[in-house]
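Peer 1: Next comes run.txt, compact mmCIF, C-alpha atoms and all ligand atoms:
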```txt
# COMPACT_ATOMS: atom_id res chain seq x y z
CA MET A 1 7.99 -90.65 -24.11
CA ASN A 2 7.72 -92.79 -21.04
CA LYS A 3 10.69 -95.05 -21.27
CA ALA A 4 14.21 -94.58 -19.95
CA LEU A 5 16.81 -95.27 -22.60
CA ARG A 6 19.96 -97.34 -22.55
CA VAL A 7 22.18 -95.38 -24.91
CA LEU A 8 25.39 -96.24 -26.76
CA LEU A 9 27.53 -93.36 -28.03
CA LEU A 10 30.18 -94.10 -30.66
CA GLY A 11 33.26 -91.89 -30.96
CA SER A 12 36.32 -90.59 -29.18
CA GLY A 13 36.62 -86.87 -29.91
CA GLY A 14 35.89 -83.63 -28.14
CA ARG A 15 32.58 -83.66 -30.00
CA GLU A 16 31.59 -86.93 -28.32
CA HIS A 17 32.72 -85.70 -24.90
CA ALA A 18 30.39 -82.70 -25.36
CA ILE A 19 27.55 -84.88 -26.68
CA ALA A 20 27.91 -87.16 -23.65
CA ASP A 21 27.86 -84.13 -21.34
CA SER A 22 24.48 -83.16 -22.84
CA LEU A 23 23.06 -86.71 -22.90
CA LEU A 24 23.98 -87.21 -19.24
CA GLN A 25 21.71 -84.28 -18.30
CA SER A 26 18.64 -85.98 -19.78
CA PRO A 27 15.96 -87.37 -17.47
CA LEU A 28 15.25 -89.93 -20.23
CA LEU A 29 18.67 -91.53 -19.84
CA ALA A 30 18.75 -94.87 -18.04
CA ASP A 31 22.36 -95.68 -18.90
CA LEU A 32 25.12 -94.38 -21.16
CA LYS A 33 27.97 -96.42 -22.61
CA VAL A 34 30.67 -94.98 -24.85
CA TYR A 35 33.04 -96.59 -27.33
CA PRO A 36 35.95 -96.05 -27.67
CA GLY A 37 35.75 -92.81 -25.62
CA ASN A 38 38.74 -90.84 -24.34
CA GLY A 39 40.46 -89.83 -21.11
CA GLY A 40 37.77 -87.29 -20.24
CA PHE A 41 34.99 -89.83 -19.76
CA ASP A 42 34.17 -91.55 -16.51
CA PRO A 43 36.03 -94.87 -17.01
CA GLU A 44 32.90 -96.68 -15.76
CA ILE A 45 30.96 -95.77 -18.89
CA ILE A 46 33.65 -96.70 -21.44
CA LEU A 47 33.25 -100.19 -22.93
CA PRO A 48 36.43 -102.31 -22.76
CA ALA A 49 38.76 -102.09 -25.77
CA GLY A 50 37.96 -104.58 -28.51
CA THR A 51 34.37 -105.23 -27.41
CA LEU A 52 32.60 -103.27 -30.11
CA ASP A 53 33.97 -103.87 -33.57
CA TRP A 54 31.89 -101.61 -35.81
CA LYS A 55 33.88 -102.67 -38.86
CA ASP A 56 32.24 -106.09 -38.71
CA LYS A 57 28.47 -106.08 -39.18
CA GLU A 58 27.71 -109.35 -37.40
CA LYS A 59 29.99 -108.68 -34.44
CA PHE A 60 28.58 -105.18 -34.13
CA GLN A 61 24.97 -106.38 -34.22
CA ASN A 62 25.74 -109.10 -31.67
CA ALA A 63 27.38 -106.57 -29.36
CA CYS A 64 24.34 -104.24 -29.53
CA ARG A 65 21.35 -106.60 -29.70
CA GLY A 66 19.27 -106.42 -26.53
CA LYS A 67 21.76 -104.12 -24.79
CA TYR A 68 20.81 -100.68 -26.10
CA ASP A 69 17.59 -98.85 -26.93
CA PHE A 70 19.30 -96.10 -28.90
CA VAL A 71 22.66 -95.53 -30.59
CA PHE A 72 24.15 -92.09 -31.21
CA VAL A 73 26.95 -92.08 -33.76
CA GLY A 74 29.49 -89.24 -33.47
CA PRO A 75 31.95 -89.63 -36.38
CA GLU A 76 31.42 -90.26 -40.09
CA ASP A 77 33.35 -93.51 -40.64
CA PRO A 78 30.90 -95.89 -38.92
CA LEU A 79 27.99 -94.18 -40.72
CA VAL A 80 29.64 -94.48 -44.13
CA ALA A 81 30.36 -98.14 -43.28
CA GLY A 82 26.65 -98.75 -42.58
CA VAL A 83 26.16 -99.02 -38.79
CA SER A 84 22.88 -97.11 -38.97
CA ASP A 85 21.47 -99.67 -41.44
CA TRP A 86 22.81 -102.58 -39.35
CA LEU A 87 21.10 -101.18 -36.25
CA GLN A 88 17.85 -100.68 -38.13
CA GLU A 89 17.94 -104.36 -39.16
CA ILE A 90 17.99 -105.38 -35.49
CA GLY A 91 15.37 -102.82 -34.45
CA ILE A 92 17.58 -100.29 -32.63
CA PRO A 93 16.92 -96.64 -33.51
CA CYS A 94 20.11 -94.84 -34.47
CA PHE A 95 20.85 -91.12 -34.67
CA GLY A 96 22.93 -90.94 -37.82
CA PRO A 97 22.12 -91.51 -41.50
CA SER A 98 22.11 -94.73 -43.53
CA ALA A 99 25.20 -95.63 -45.57
CA TYR A 100 23.38 -94.36 -48.66
CA CYS A 101 22.72 -90.93 -47.14
CA ALA A 102 26.16 -90.78 -45.45
CA GLN A 103 27.63 -90.60 -48.96
CA ILE A 104 26.78 -86.93 -48.70
CA GLU A 105 30.07 -86.78 -46.78
CA GLY A 106 31.64 -90.03 -48.00
CA SER A 107 31.69 -88.98 -51.66
CA LYS A 108 32.16 -85.39 -52.84
CA ASP A 109 30.85 -86.46 -56.26
CA PHE A 110 27.66 -87.88 -54.70
CA ALA A 111 27.17 -84.64 -52.73
CA LYS A 112 27.67 -82.50 -55.84
CA LYS A 113 25.20 -84.58 -57.88
CA LEU A 114 22.64 -84.31 -55.09
CA MET A 115 23.15 -80.54 -54.90
CA MET A 116 22.56 -80.28 -58.65
CA GLU A 117 19.38 -82.35 -58.35
CA ALA A 118 18.11 -80.25 -55.45
CA ASN A 119 19.22 -77.00 -57.11
CA VAL A 120 21.30 -76.02 -54.09
CA PRO A 121 23.69 -73.04 -54.41
CA THR A 122 27.25 -74.38 -54.66
CA ALA A 123 30.46 -73.90 -56.69
CA LYS A 124 30.53 -75.16 -60.30
CA HIS A 125 32.39 -78.44 -60.55
CA LYS A 126 33.56 -81.30 -62.74
CA THR A 127 34.38 -84.86 -61.69
CA PHE A 128 37.47 -86.65 -63.04
CA TYR A 129 38.48 -90.32 -63.02
CA GLU A 130 41.78 -89.91 -64.75
CA HIS A 131 45.00 -87.94 -64.20
CA LEU A 132 45.74 -86.45 -67.62
CA GLU A 133 42.26 -85.16 -68.26
CA SER A 134 42.15 -83.51 -64.83
CA VAL A 135 45.51 -81.79 -65.42
CA GLU A 136 44.34 -80.50 -68.78
CA TYR A 137 41.21 -79.15 -67.12
CA VAL A 138 43.04 -77.18 -64.42
CA ARG A 139 45.48 -75.81 -67.03
CA SER A 140 42.63 -74.52 -69.17
CA HIS A 141 40.60 -73.30 -66.18
CA GLY A 142 43.41 -71.54 -64.31
CA CYS A 143 43.69 -70.67 -60.61
CA PRO A 144 42.41 -70.28 -57.97
CA ILE A 145 40.76 -73.68 -58.10
CA VAL A 146 39.84 -76.32 -55.52
CA ILE A 147 40.81 -79.99 -55.80
CA LYS A 148 38.96 -82.57 -53.73
CA ALA A 149 39.62 -86.29 -53.41
CA ASP A 150 36.19 -87.89 -53.68
CA GLY A 151 36.16 -90.11 -50.58
CA LEU A 152 36.88 -89.77 -46.87
CA ALA A 153 40.38 -88.45 -46.25
CA ALA A 154 40.34 -87.44 -42.57
CA GLY A 155 39.89 -83.78 -43.55
CA LYS A 156 43.05 -83.77 -45.69
CA GLY A 157 41.60 -84.45 -49.13
CA VAL A 158 40.90 -80.84 -50.15
CA THR A 159 43.51 -78.48 -51.61
CA VAL A 160 42.72 -74.86 -52.33
CA CYS A 161 45.18 -74.06 -55.13
CA LEU A 162 46.28 -70.50 -55.76
CA LYS A 163 48.90 -71.54 -58.31
CA LEU A 164 48.90 -74.05 -61.15
CA ASP A 165 51.85 -76.04 -59.79
CA GLU A 166 49.96 -76.55 -56.50
CA ALA A 167 46.99 -77.88 -58.44
CA GLU A 168 49.16 -80.21 -60.53
CA GLN A 169 50.94 -81.45 -57.42
CA ALA A 170 47.60 -82.15 -55.71
CA LEU A 171 46.43 -84.14 -58.75
CA ASN A 172 49.72 -86.05 -58.94
CA GLU A 173 49.44 -86.98 -55.28
CA ILE A 174 45.87 -88.19 -55.65
CA PHE A 175 46.04 -90.01 -58.97
CA LEU A 176 49.70 -91.06 -59.26
CA ASP A 177 50.95 -91.41 -55.67
CA LYS A 178 47.53 -92.70 -54.49
CA LYS A 179 47.94 -90.57 -51.37
CA PHE A 180 44.32 -91.21 -50.33
CA GLY A 181 44.01 -94.76 -51.69
CA ALA A 182 40.56 -95.60 -53.02
CA SER A 183 39.25 -92.26 -51.73
CA GLY A 184 41.19 -90.68 -54.59
CA SER A 185 39.85 -92.84 -57.42
CA LYS A 186 37.68 -89.86 -58.38
CA VAL A 187 38.47 -86.18 -58.03
CA VAL A 188 36.04 -83.29 -57.85
CA ILE A 189 37.50 -80.04 -59.14
CA GLU A 190 35.49 -76.97 -58.29
CA ASP A 191 35.55 -73.21 -58.65
CA PHE A 192 37.05 -71.25 -55.80
CA LEU A 193 34.49 -69.44 -53.66
CA GLU A 194 35.41 -66.27 -51.85
CA GLY A 195 33.87 -65.32 -48.52
CA GLU A 196 33.56 -66.26 -44.90
CA GLU A 197 32.71 -69.75 -43.70
CA ALA A 198 30.03 -70.89 -41.26
CA SER A 199 28.72 -74.28 -40.14
CA ILE A 200 25.04 -74.96 -39.58
CA PHE A 201 23.72 -78.24 -38.20
CA ALA A 202 20.26 -79.48 -39.12
CA ILE A 203 18.69 -82.17 -36.93
CA CYS A 204 16.76 -84.30 -39.45
CA ASP A 205 14.16 -87.04 -39.06
CA GLY A 206 13.82 -87.99 -42.73
CA LYS A 207 11.21 -85.37 -43.56
CA ASP A 208 11.32 -82.56 -40.98
CA PHE A 209 14.31 -80.73 -39.57
CA LEU A 210 15.35 -78.12 -37.02
CA LEU A 211 18.39 -75.86 -37.34
CA LEU A 212 20.84 -75.27 -34.52
CA PRO A 213 22.46 -71.82 -34.32
CA ALA A 214 25.34 -71.23 -36.74
CA ALA A 215 28.94 -71.58 -35.62
CA GLN A 216 32.23 -70.53 -37.12
CA ASP A 217 35.21 -72.86 -37.10
CA HIS A 218 38.88 -71.81 -37.41
CA LYS A 219 40.48 -74.35 -39.75
CA ARG A 220 44.05 -73.08 -40.02
CA ALA A 221 46.57 -74.11 -37.38
CA TYR A 222 47.92 -70.67 -36.49
CA ASP A 223 46.73 -67.15 -35.69
CA ASN A 224 45.47 -64.91 -38.52
CA ASP A 225 44.38 -68.02 -40.45
CA GLU A 226 47.94 -68.97 -41.26
CA GLY A 227 49.51 -72.42 -41.48
CA PRO A 228 48.09 -75.76 -42.60
CA ASN A 229 44.44 -76.80 -42.50
CA THR A 230 43.41 -78.75 -39.41
CA GLY A 231 40.26 -80.46 -38.15
CA GLY A 232 39.45 -77.14 -36.45
CA MET A 233 41.31 -75.09 -33.82
CA GLY A 234 38.38 -73.29 -32.25
CA ALA A 235 34.87 -72.06 -32.83
CA TYR A 236 32.18 -69.76 -31.55
CA CYS A 237 28.42 -69.70 -31.68
CA PRO A 238 26.25 -68.00 -32.80
CA ALA A 239 28.19 -66.69 -35.81
CA PRO A 240 26.93 -63.21 -36.76
CA ILE A 241 27.96 -63.80 -40.40
CA ALA A 242 24.99 -66.20 -40.62
CA THR A 243 22.32 -63.50 -40.69
CA SER A 244 18.61 -64.30 -40.60
CA SER A 245 18.52 -64.12 -44.40
CA VAL A 246 21.37 -66.67 -44.62
CA ILE A 247 19.46 -68.93 -42.21
CA GLN A 248 16.33 -68.62 -44.36
CA ILE A 249 18.26 -69.63 -47.48
CA VAL A 250 19.76 -72.58 -45.62
CA GLU A 251 16.28 -73.70 -44.57
CA LYS A 252 14.41 -73.14 -47.82
CA ASP A 253 17.01 -73.56 -50.54
CA ILE A 254 19.47 -76.01 -49.02
CA VAL A 255 18.25 -78.35 -46.27
CA ALA A 256 14.58 -78.67 -47.29
CA PRO A 257 15.29 -79.54 -50.97
CA ILE A 258 18.10 -81.97 -50.05
CA LEU A 259 15.82 -83.83 -47.62
CA GLN A 260 13.02 -83.82 -50.20
CA VAL A 261 15.19 -85.26 -52.99
CA LEU A 262 16.46 -88.01 -50.67
CA LYS A 263 12.96 -88.78 -49.38
CA ASP A 264 11.69 -89.01 -52.97
CA LYS A 265 14.40 -91.57 -53.68
CA GLY A 266 13.11 -93.63 -50.76
CA LYS A 267 16.27 -92.78 -48.76
CA PRO A 268 15.15 -90.53 -45.88
CA TYR A 269 17.98 -88.65 -44.18
CA VAL A 270 18.06 -89.13 -40.40
CA GLY A 271 20.68 -87.51 -38.20
CA ILE A 272 22.72 -84.35 -38.43
CA LEU A 273 23.13 -82.70 -41.80
CA TYR A 274 26.19 -80.49 -41.40
CA VAL A 275 25.99 -77.63 -43.88
CA GLY A 276 29.39 -76.04 -44.50
CA LEU A 277 28.81 -72.62 -46.04
CA MET A 278 30.82 -69.96 -47.81
CA ILE A 279 29.03 -66.62 -47.41
CA ASN A 280 30.06 -64.03 -50.00
CA ALA A 281 30.38 -60.26 -49.64
CA LYS A 282 26.73 -59.85 -50.64
CA GLY A 283 25.69 -62.15 -47.80
CA LEU A 284 24.73 -65.02 -50.11
CA PRO A 285 25.65 -68.54 -48.97
CA SER A 286 26.93 -71.44 -51.11
CA VAL A 287 27.55 -74.95 -49.87
CA VAL A 288 31.25 -75.91 -49.68
CA GLU A 289 30.58 -79.26 -48.08
CA PHE A 290 28.04 -81.44 -46.38
CA ASN A 291 28.95 -83.73 -43.51
CA CYS A 292 26.78 -86.51 -42.14
CA ARG A 293 27.49 -85.75 -38.45
CA PHE A 294 28.09 -82.99 -35.95
CA GLY A 295 31.20 -80.84 -36.54
CA ASP A 296 34.18 -80.90 -34.22
CA PRO A 297 34.94 -78.46 -32.52
CA GLU A 298 31.78 -76.47 -33.43
CA THR A 299 29.48 -78.90 -31.57
CA GLN A 300 31.20 -78.25 -28.24
CA ALA A 301 30.21 -74.57 -28.55
CA VAL A 302 26.77 -75.11 -30.15
CA LEU A 303 25.51 -77.58 -27.54
CA GLN A 304 26.20 -75.10 -24.72
CA LEU A 305 23.37 -72.98 -26.11
CA LEU A 306 20.83 -75.76 -26.63
CA GLU A 307 18.26 -75.71 -23.84
CA ASP A 308 16.24 -78.63 -25.18
CA ASP A 309 17.01 -82.17 -24.11
CA LEU A 310 19.49 -83.50 -26.70
CA LEU A 311 18.52 -87.10 -26.01
CA GLU A 312 14.82 -86.41 -26.45
CA LEU A 313 15.43 -84.44 -29.66
CA THR A 314 17.70 -87.00 -31.28
CA TRP A 315 15.49 -89.90 -30.19
CA LYS A 316 12.53 -88.16 -31.83
CA ALA A 317 14.59 -87.57 -34.98
CA ALA A 318 15.64 -91.22 -35.11
CA ASN A 319 11.99 -92.23 -34.82
CA GLY A 320 10.61 -89.78 -37.42
CA GLN A 321 8.83 -87.68 -34.78
CA LEU A 322 10.44 -84.25 -35.08
CA SER A 323 7.22 -82.66 -36.32
CA SER A 324 5.98 -82.73 -32.72
CA GLN A 325 8.55 -80.00 -31.99
CA GLN A 326 8.03 -76.56 -33.61
CA SER A 327 11.41 -75.03 -32.84
CA LEU A 328 14.48 -75.39 -30.65
CA ARG A 329 14.94 -73.61 -27.34
CA ILE A 330 18.24 -71.75 -27.65
CA SER A 331 19.62 -69.79 -24.74
CA GLU A 332 20.66 -66.14 -24.91
CA GLY A 333 24.35 -65.39 -25.03
CA SER A 334 27.31 -66.95 -26.81
CA SER A 335 29.77 -69.75 -26.47
CA SER A 336 33.28 -70.36 -27.67
CA ILE A 337 35.82 -73.15 -27.75
CA VAL A 338 39.59 -72.97 -28.01
CA VAL A 339 41.43 -76.17 -28.90
CA LEU A 340 44.67 -77.03 -27.15
CA ALA A 341 46.77 -79.05 -29.61
CA ALA A 342 50.03 -80.97 -29.54
CA GLU A 343 53.11 -79.25 -30.94
CA GLY A 344 53.47 -80.18 -34.61
CA TYR A 345 49.74 -80.77 -35.23
CA PRO A 346 48.34 -81.26 -37.89
CA ASN A 347 51.57 -82.87 -39.15
CA ASP A 348 53.75 -85.16 -37.04
CA TYR A 349 52.91 -84.22 -33.49
CA LYS A 350 54.13 -85.04 -30.04
CA LYS A 351 52.29 -87.82 -28.15
CA ASP A 352 52.15 -89.02 -24.53
CA ILE A 353 52.21 -85.50 -23.16
CA THR A 354 51.36 -85.59 -19.45
CA LEU A 355 48.30 -83.49 -18.74
CA ASN A 356 47.64 -81.78 -15.45
CA ILE A 357 44.49 -79.85 -16.03
CA PRO A 358 43.06 -77.58 -13.32
CA ILE A 359 39.32 -77.36 -12.70
CA PRO A 360 37.78 -74.16 -14.09
CA GLU A 361 36.54 -71.72 -11.46
CA TYR A 362 33.90 -70.17 -13.68
CA SER A 363 30.96 -72.57 -13.83
CA GLY A 364 30.32 -71.70 -17.50
CA THR A 365 33.71 -73.08 -18.55
CA LYS A 366 34.06 -76.76 -19.43
CA VAL A 367 37.08 -78.81 -20.44
CA PHE A 368 36.24 -81.33 -23.15
CA HIS A 369 38.81 -84.01 -23.88
CA ALA A 370 39.70 -85.13 -27.40
CA GLY A 371 42.96 -87.02 -28.00
CA THR A 372 43.56 -88.16 -24.42
CA LYS A 373 43.66 -91.40 -22.47
CA ARG A 374 43.44 -92.23 -18.81
CA SER A 375 45.77 -94.92 -17.51
CA SER A 376 44.81 -97.31 -14.71
CA ASN A 377 46.51 -95.07 -12.11
CA GLY A 378 44.31 -92.17 -13.24
CA ASN A 379 47.03 -90.21 -15.07
CA ILE A 380 45.92 -88.52 -18.24
CA THR A 381 48.19 -88.30 -21.28
CA SER A 382 47.72 -87.15 -24.85
CA THR A 383 47.13 -89.56 -27.73
CA GLY A 384 46.00 -87.23 -30.52
CA GLY A 385 46.79 -83.93 -32.18
CA ARG A 386 43.81 -82.08 -30.77
CA ILE A 387 43.97 -82.69 -27.04
CA LEU A 388 41.49 -80.51 -25.15
CA GLY A 389 38.75 -78.04 -25.98
CA ILE A 390 38.14 -75.26 -23.47
CA THR A 391 34.53 -74.16 -23.88
CA THR A 392 32.75 -71.27 -22.21
CA LYS A 393 29.17 -70.07 -22.35
CA SER A 394 28.52 -66.51 -21.27
CA LYS A 395 26.28 -63.47 -21.79
CA THR A 396 28.37 -62.07 -24.62
CA LEU A 397 30.82 -63.53 -27.12
CA LYS A 398 33.57 -61.28 -25.81
CA ASP A 399 33.03 -62.41 -22.24
CA SER A 400 32.91 -66.04 -23.31
CA ILE A 401 36.20 -65.75 -25.20
CA ASP A 402 37.85 -63.75 -22.40
CA LYS A 403 36.86 -66.40 -19.85
CA THR A 404 38.13 -69.24 -22.05
CA TYR A 405 41.50 -67.52 -22.47
CA SER A 406 41.76 -66.51 -18.79
CA PHE A 407 41.29 -70.16 -17.87
CA LEU A 408 43.95 -71.22 -20.41
CA ASN A 409 46.26 -68.65 -18.79
CA THR A 410 45.98 -70.35 -15.39
CA PHE A 411 48.08 -73.33 -16.49
CA SER A 412 50.66 -74.31 -19.05
CA ILE A 413 51.30 -77.70 -20.58
CA PRO A 414 54.67 -78.17 -22.30
CA PHE A 415 54.63 -79.25 -25.98
CA THR A 416 51.16 -77.83 -26.63
CA PHE A 417 49.82 -74.74 -28.35
CA TYR A 418 46.54 -72.97 -29.07
CA ARG A 419 45.37 -70.13 -31.27
CA LYS A 420 45.11 -66.77 -29.52
CA ASP A 421 42.61 -65.23 -31.95
CA ILE A 422 39.53 -67.44 -31.81
CA GLY A 423 36.44 -65.32 -32.39
CA ARG A 424 38.41 -62.15 -33.05
CA ARG A 425 36.77 -61.65 -36.44
CA ALA A 426 33.29 -61.65 -34.92
CA LEU A 427 34.35 -59.12 -32.28
P1 LIG B 1 35.63 -79.42 -47.58
O1 LIG B 1 36.18 -80.65 -46.93
O2 LIG B 1 35.01 -79.65 -48.90
O3 LIG B 1 34.80 -78.59 -46.67
O4 LIG B 1 36.88 -78.45 -47.78
C1 LIG B 1 37.72 -78.10 -46.69
C2 LIG B 1 37.96 -76.61 -46.69
O5 LIG B 1 38.48 -76.20 -47.95
C3 LIG B 1 36.69 -75.78 -46.53
O6 LIG B 1 36.32 -75.64 -45.19
C4 LIG B 1 37.13 -74.48 -47.14
O7 LIG B 1 37.93 -73.74 -46.25
C5 LIG B 1 37.98 -74.94 -48.29
N1 LIG B 1 37.16 -75.05 -49.52
C6 LIG B 1 36.48 -76.13 -49.96
N2 LIG B 1 35.84 -75.87 -51.10
C7 LIG B 1 36.11 -74.59 -51.41
C8 LIG B 1 35.74 -73.72 -52.49
N3 LIG B 1 34.98 -74.15 -53.50
N4 LIG B 1 36.22 -72.46 -52.46
C9 LIG B 1 37.00 -72.02 -51.46
N5 LIG B 1 37.40 -72.79 -50.43
C10 LIG B 1 36.95 -74.06 -50.39
N1 LIG B 2 35.25 -78.74 -37.91
C1 LIG B 2 35.04 -79.25 -39.20
C2 LIG B 2 34.40 -80.56 -39.25
O1 LIG B 2 33.95 -81.08 -38.26
O2 LIG B 2 34.32 -81.14 -40.32
```
Any chance you could put this one into structure tokens?
Ligand code: AMP
Ligand code: GLY
Peer 2:
Amino acid sequence: MNKALRVLLLGSGGREHAIADSLLQSPLLADLKVYPGNGGFDPEIILPAGTLDWKDKEKFQNACRGKYDFVFVGPEDPLVAGVSDWLQEIGIPCFGPSAYCAQIEGSKDFAKKLMMEANVPTAKHKTFYEHLESVEYVRSHGCPIVIKADGLAAGKGVTVCLKLDEAEQALNEIFLDKKFGASGSKVVIEDFLEGEEASIFAICDGKDFLLLPAAQDHKRAYDNDEGPNTGGMGAYCPAPIATSSVIQIVEKDIVAPILQVLKDKGKPYVGILYVGLMINAKGLPSVVEFNCRFGDPETQAVLQLLEDDLLELTWKAANGQLSSQQSLRISEGSSSIVVLAAEGYPNDYKKDITLNIPIPEYSGTKVFHAGTKRSSNGNITSTGGRILGITTKSKTLKDSIDKTYSFLNTFSIPFTFYRKDIGRRAL
């Protein structure tokens, strides 16, 4: 590649702050702009509010045409809406799948059908369009059982039901109360899978792919996996639960057949395929979910170990040229991230918390911003439930986690909390 790229990054989370951190290290980068960004970004690179409406195809294309050589999409919503297709129409390579392929996250029913077609290991399921029939099914099936609103629901559409009344309540909320709107017009009900979870990201170019090292997220809000489900309270990488035999199964029996089925349909998958796994006591993985983008907060940890140039890799993927790269260069050691969240998260949480964040002394520790904003006087305040992600890369997982927590111990921000047990299971 001999051209320097003008890049646009869409998104505002900790994931995007970490992606930007990696993109900014690339010698191929001519310029980076971010939208909508957060308080952690250099204000110079954030596009002004209201200038990039990705919900409107024509406005979006007009805002991008001639200005960018490459677009990197962080979150799922713009992909499900079709931004990758809109960019393709105007000749701008995009890292992120088409609207068709993004249904792998945008519709649980689509993902399940695809898994059946590709013969991918996953829980048995049935799809329902109607309340009564779904209730009858859970009554005859019994618990535990898992109820999933079909469409995007900001991570809140899945209920793992240990008791029948929980299952019936979940179905009432979806079908009768329309808690998730159109996202709940279908419901996937699937068998409960026991085991330990791991997330693996495949960088895909439509035909070839490369796997990043596995990470483990911590979805519950509080220590010992208690409390409500969240977007993720912390992660570490690599995750020892994803043994080399798990990785082989992910390559041969999950990612390769999914890409093949999509390619055969004339719908090549380009971007990250996020494989959410449940690994049982025998060490066999099943897919619990696919996402069409990098995970948050796993990405913040995973990217610390990637020695290859993220911009070069994703540019190649967006241009169908991954086959020129045999494998990824992954550094020795481990990384971890602990999320600092606002009191009350994931339910009603406190906002506008003033943030005075010290600079880490250990050069392997980074502070990625998520729900923050910077005002014109430079003050940083919180806007979201997940506020910061403290990420450390070190020689061992234990050292990485110890350094992350020692840094968190050097300051205290009122009205915030974080889990104290990230990575404990792996240690
Ligand atoms: P999903 O959005 O489909 O990944 O579901 C969110 C979370 O619900 C997962 O990360 C798991 O913790 C849990 N989950 C989903 N499906 C199942 C299943 N079949 N068995 C057990 N837990 C599940
Ligand atoms: N951390 C889970 C996700 O990104 O979906």
Peer 1: May I ask which of the residues A:Lys179, A:Arg386, A:Lys263, A:Arg6 is the closest one to ligand LIG 2 (chain B), counting all atoms listed in the file?
Peer 2: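 That would be A:Arg386, the residue with the smallest distance to ligand LIG 2 (chain B).
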Peer 1: List the neighbours of segment 372-379 of chain A out to 8 Å using all atoms listed in the file; skip same-chain residues closer than 2 positions along the sequence, and give me the result as a list in words.
Peer 2: Asn38, Gly39, Gly40, Thr354, Leu355, His369, Ala370, Thr381, Ser382, Thr383, Gly384, Ile387 and Leu388 of chain A
Peer 1: If you count only C-alpha atoms and all ligand atoms, which residues end up within 8 Å of ligand LIG 2 (chain B), as number ranges by chain?
Peer 2: A: 155, 217-219, 231-232, 291, 293-298
Peer 1: Mind pulling up the distance from atom CA of Ala215 of chain A to atom CA of Ser245 of chain A?
Peer 2: 15.5 Å
Peer 1: Please identify all polymer residues within 8 Å of Thr314 of chain A, counting all atoms listed in the file, omitting same-chain residues fewer than 2 positions from it, and present them as a compact mmCIF listing (two decimals) with C-alpha atoms, keeping the file's coordinate frame.
Peer 2:
```
# COMPACT_ATOMS: atom_id res chain seq x y z
CA PHE A 95 20.85 -91.12 -34.67
CA ILE A 203 18.69 -82.17 -36.93
CA GLY A 271 20.68 -87.51 -38.20
CA LEU A 310 19.49 -83.50 -26.70
CA LEU A 311 18.52 -87.10 -26.01
CA GLU A 312 14.82 -86.41 -26.45
CA LYS A 316 12.53 -88.16 -31.83
CA ALA A 317 14.59 -87.57 -34.98
CA ALA A 318 15.64 -91.22 -35.11
```
Peer 1: Any residue with an atom at most 9 Å from ligand LIG 1 (chain B) counts, using only C-alpha atoms and all ligand atoms. Which are they? Put them as a VMD selection string.
Peer 2: chain A and resid 105 108 122 to 125 144 to 148 153 155 to 160 189 to 198 217 219 to 220 229 276 to 278 286 to 291
Peer 1: How many Å separate atom CA of Val250 of chain A from atom CA of Ala202 of chain A?
Peer 2: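 These two atoms are separated by 9.5 Å.
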Peer 1: So that I can see what lies close to Phe70 of chain A, please list as a ChimeraX atom specification the residues with an atom at most 10 Å from it, counting all atoms listed in the file and leaving out residues fewer than 6 positions away in the same chain.
Peer 2: /A:5-9,32,64,87,91-95,311,314-315,318
Peer 1: Rounded to one decimal in Å, what is the spacing between atom CA of Phe41 of chain A and atom CA of Met233 of chain A?
Peer 2: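 According to the coordinates, atom CA of Phe41 of chain A and atom CA of Met233 of chain A are separated by 21.3 Å.
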Peer 1: Between A:Pro360, A:Leu408, A:Lys55, A:Gly344, which residue has the minimum interatomic distance to Gly385 of chain A, considering all atoms listed in the file?
Peer 2: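 So, comparing all the options, the nearest one is A:Gly344.
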Peer 1: In terms of the shortest atom-to-atom distance over only C-alpha atoms, which of A:Ser199, A:Asn319, A:Thr299, A:Gln88 is closest to Gln216 of chain A?
Peer 2: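 For Gln216 of chain A, the nearest of the given residues is A:Ser199.
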Peer 1: Generate the coordinates of N, CA, C and O atoms for segment 359-363 of chain A; report them as a PDB file, keeping the file's coordinate frame.
Peer 2:
```pdb
ATOM      1  N   ILE A 359      40.777 -77.429 -12.535  1.00  0.00           N
ATOM      2  CA  ILE A 359      39.320 -77.360 -12.700  1.00  0.00           C
ATOM      3  C   ILE A 359      38.934 -75.892 -12.865  1.00  0.00           C
ATOM      4  O   ILE A 359      39.376 -75.057 -12.077  1.00  0.00           O
ATOM      5  N   PRO A 360      38.141 -75.564 -13.894  1.00  0.00           N
ATOM      6  CA  PRO A 360      37.780 -74.160 -14.090  1.00  0.00           C
ATOM      7  C   PRO A 360      37.010 -73.609 -12.894  1.00  0.00           C
ATOM      8  O   PRO A 360      36.200 -74.315 -12.296  1.00  0.00           O
ATOM      9  N   GLU A 361      37.270 -72.337 -12.568  1.00  0.00           N
ATOM     10  CA  GLU A 361      36.540 -71.720 -11.460  1.00  0.00           C
ATOM     11  C   GLU A 361      35.202 -71.167 -11.902  1.00  0.00           C
ATOM     12  O   GLU A 361      34.247 -71.140 -11.153  1.00  0.00           O
ATOM     13  N   TYR A 362      35.160 -70.729 -13.166  1.00  0.00           N
ATOM     14  CA  TYR A 362      33.900 -70.170 -13.680  1.00  0.00           C
ATOM     15  C   TYR A 362      33.009 -71.336 -14.110  1.00  0.00           C
ATOM     16  O   TYR A 362      33.421 -72.187 -14.910  1.00  0.00           O
ATOM     17  N   SER A 363      31.785 -71.380 -13.598  1.00  0.00           N
ATOM     18  CA  SER A 363      30.960 -72.570 -13.830  1.00  0.00           C
ATOM     19  C   SER A 363      30.521 -72.690 -15.287  1.00  0.00           C
ATOM     20  O   SER A 363      30.103 -73.751 -15.719  1.00  0.00           O
TER      21      SER A 363
END
```
